[in-house]
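Trainee: Below you'll find the structure I mean.
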Amino acid sequence: MKNKLHRSSKNKMIAGVCGGIAEYFGWDPTVVRLVYALVSCLSAAFPGVLVYLIFTIVVPLDTKSDSSDLSDEDVDNLDSANI
């Protein structure tokens with residue numbers, strides 16, 4: 001089953017829209033951002049901003065948190081380091 005489209009919580013600059021698209025297709029987020037900026041500038045910017053705002057509202061945020069990648073041992077090590 002293919003991944004669902006979501007706004008990225010890891011590759012996030014503004015709202016995570018371009019990062020989420022990049023993760024969905026397996027592309028580099030920087031390339032997606034550059035293509036978005038280029039297309040947005042060539043289309044008088046307003047349609048690009050409007051599409052970004054619509055995606056920000058419609059596409060859900062990634063529910064996985066960054067700490068979910070840590071094992072229990074890693075969490076214990078972080079807790080003991082903060083004591």
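Ordering of the structure tokens sets the chain letters (A, B, ...), residue numbers begin anew at 1 in every chain, and ligands are numbered from 1 in the order given.
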Residues within 12 Å of Lys12 (chain A), please, as a short mmCIF file (atom, residue, chain, number, x, y, z; two decimals) with all heavy atoms, in the first residue's frame. Count only C-alpha atoms; anything in the same chain fewer than 6 positions from it doesn't count.

Mentor:
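For reference, around_19.cif as written:
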data_model
loop_
_atom_site.label_atom_id
_atom_site.label_comp_id
_atom_site.auth_asym_id
_atom_site.auth_seq_id
_atom_site.Cartn_x
_atom_site.Cartn_y
_atom_site.Cartn_z
N HIS A 6 0.60 13.64 3.26
CA HIS A 6 0.49 14.38 4.50
C HIS A 6 1.49 15.53 4.48
O HIS A 6 2.42 15.52 3.70
CB HIS A 6 0.75 13.48 5.71
CG HIS A 6 2.13 12.89 5.68
ND1 HIS A 6 2.39 11.68 5.08
CD2 HIS A 6 3.32 13.34 6.14
CE1 HIS A 6 3.69 11.42 5.17
NE2 HIS A 6 4.27 12.41 5.81
N CYS A 18 5.44 21.16 0.87
CA CYS A 18 6.43 20.68 -0.11
C CYS A 18 7.20 19.47 0.43
O CYS A 18 7.49 18.54 -0.32
CB CYS A 18 7.40 21.80 -0.49
SG CYS A 18 6.63 23.12 -1.44
N GLY A 19 7.51 19.47 1.71
CA GLY A 19 8.18 18.33 2.31
C GLY A 19 7.32 17.08 2.28
O GLY A 19 7.80 15.97 2.05
N GLY A 20 6.02 17.24 2.51
CA GLY A 20 5.09 16.11 2.45
C GLY A 20 4.96 15.55 1.05
O GLY A 20 4.91 14.33 0.85
N ILE A 21 4.91 16.43 0.05
CA ILE A 21 4.85 15.98 -1.35
C ILE A 21 6.12 15.23 -1.70
O ILE A 21 6.08 14.18 -2.35
CB ILE A 21 4.61 17.18 -2.28
CG1 ILE A 21 3.20 17.74 -2.07
CG2 ILE A 21 4.82 16.79 -3.74
CD1 ILE A 21 2.93 19.05 -2.77
N ALA A 22 7.26 15.75 -1.25
CA ALA A 22 8.54 15.08 -1.52
C ALA A 22 8.59 13.70 -0.87
O ALA A 22 9.05 12.74 -1.48
CB ALA A 22 9.69 15.95 -1.03
N GLU A 23 8.13 13.58 0.36
CA GLU A 23 8.13 12.28 1.04
C GLU A 23 7.18 11.30 0.35
O GLU A 23 7.48 10.12 0.23
CB GLU A 23 7.71 12.45 2.50
CG GLU A 23 8.76 13.11 3.35
CD GLU A 23 8.30 13.37 4.78
OE1 GLU A 23 7.17 12.97 5.14
OE2 GLU A 23 9.07 13.98 5.54
N PRO A 29 13.25 17.08 -0.91
CA PRO A 29 12.39 18.22 -0.58
C PRO A 29 12.90 19.55 -1.16
O PRO A 29 12.10 20.40 -1.53
CB PRO A 29 12.41 18.28 0.94
CG PRO A 29 12.83 16.94 1.38
CD PRO A 29 13.68 16.37 0.30
N THR A 30 14.21 19.70 -1.28
CA THR A 30 14.76 20.93 -1.84
C THR A 30 14.36 21.10 -3.29
O THR A 30 14.02 22.20 -3.73
CB THR A 30 16.29 20.93 -1.70
OG1 THR A 30 16.63 20.75 -0.32
CG2 THR A 30 16.89 22.23 -2.20
N ARG A 33 10.74 22.18 -3.44
CA ARG A 33 10.61 23.60 -3.08
C ARG A 33 11.06 24.51 -4.20
O ARG A 33 10.43 25.54 -4.48
CB ARG A 33 11.41 23.89 -1.81
CG ARG A 33 10.81 23.28 -0.58
CD ARG A 33 11.59 23.65 0.67
NE ARG A 33 11.09 22.88 1.79
CZ ARG A 33 11.76 21.90 2.38
NH1 ARG A 33 12.97 21.58 2.00
NH2 ARG A 33 11.22 21.24 3.38
N THR A 56 -2.35 23.47 2.70
CA THR A 56 -2.13 23.58 4.14
C THR A 56 -3.40 23.26 4.92
O THR A 56 -3.35 22.62 5.97
CB THR A 56 -1.65 25.00 4.50
OG1 THR A 56 -0.45 25.27 3.79
CG2 THR A 56 -1.40 25.14 5.98
N LEU A 61 -1.61 16.97 8.77
CA LEU A 61 -0.24 16.96 9.28
C LEU A 61 0.17 15.53 9.61
O LEU A 61 -0.66 14.73 10.06
CB LEU A 61 -0.14 17.83 10.53
CG LEU A 61 1.23 18.04 11.14
CD1 LEU A 61 2.16 18.72 10.14
CD2 LEU A 61 1.14 18.87 12.39
N ASP A 62 1.44 15.21 9.40
CA ASP A 62 1.96 13.89 9.73
C ASP A 62 1.81 13.67 11.23
O ASP A 62 2.23 14.49 12.04
CB ASP A 62 3.44 13.82 9.32
CG ASP A 62 4.06 12.47 9.56
OD1 ASP A 62 3.31 11.50 9.78
OD2 ASP A 62 5.29 12.37 9.50
#

Trainee: Taking into account only C-alpha atoms, which residue in the set A:Trp27, A:Gly16, A:Val32, A:Leu38 is nearest to Leu53 (chain A)?

Mentor: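 Of the candidates, the smallest distance to Leu53 (chain A) is held by A:Gly16.
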
Trainee: Let me make sure I understand: among A:Asn3, A:Tyr24, A:Ser9, A:Val51, which one has the smallest atom-to-atom distance to Val39 (chain A) if we use only C-alpha atoms?

Mentor: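 Checking each candidate against Val39 (chain A), we get A:Val51 as the closest.
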
Trainee: Determine the nearest neighbour of Asn11 (chain A) from the options A:Val59, A:Asp28, A:Ala45, A:Leu50, counting only C-alpha atoms.

Mentor: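 When distances to Asn11 (chain A) are compared using only C-alpha atoms, the smallest one comes from A:Asp28.
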
Trainee: Smallest atom-to-atom distance to Ala37 (chain A): which of A:Tyr52, A:Lys64, A:Phe25, A:Ala15, using only C-alpha atoms?

Mentor: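 Of all the options, A:Tyr52 lies closest to Ala37 (chain A).
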
Trainee: Please report the interatomic distance between CA of Leu34 (chain A) and CA of Ser8 (chain A) in Å with one decimal.

Mentor: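 For CA of Leu34 (chain A) relative to CA of Ser8 (chain A), the distance reads 16.7 Å.
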
Trainee: What is the CA of Ala44 (chain A)-CA of Lys10 (chain A) distance in Å, reported with one decimal?

Mentor: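 Taking CA of Ala44 (chain A) and CA of Lys10 (chain A), their separation equals 29.3 Å.
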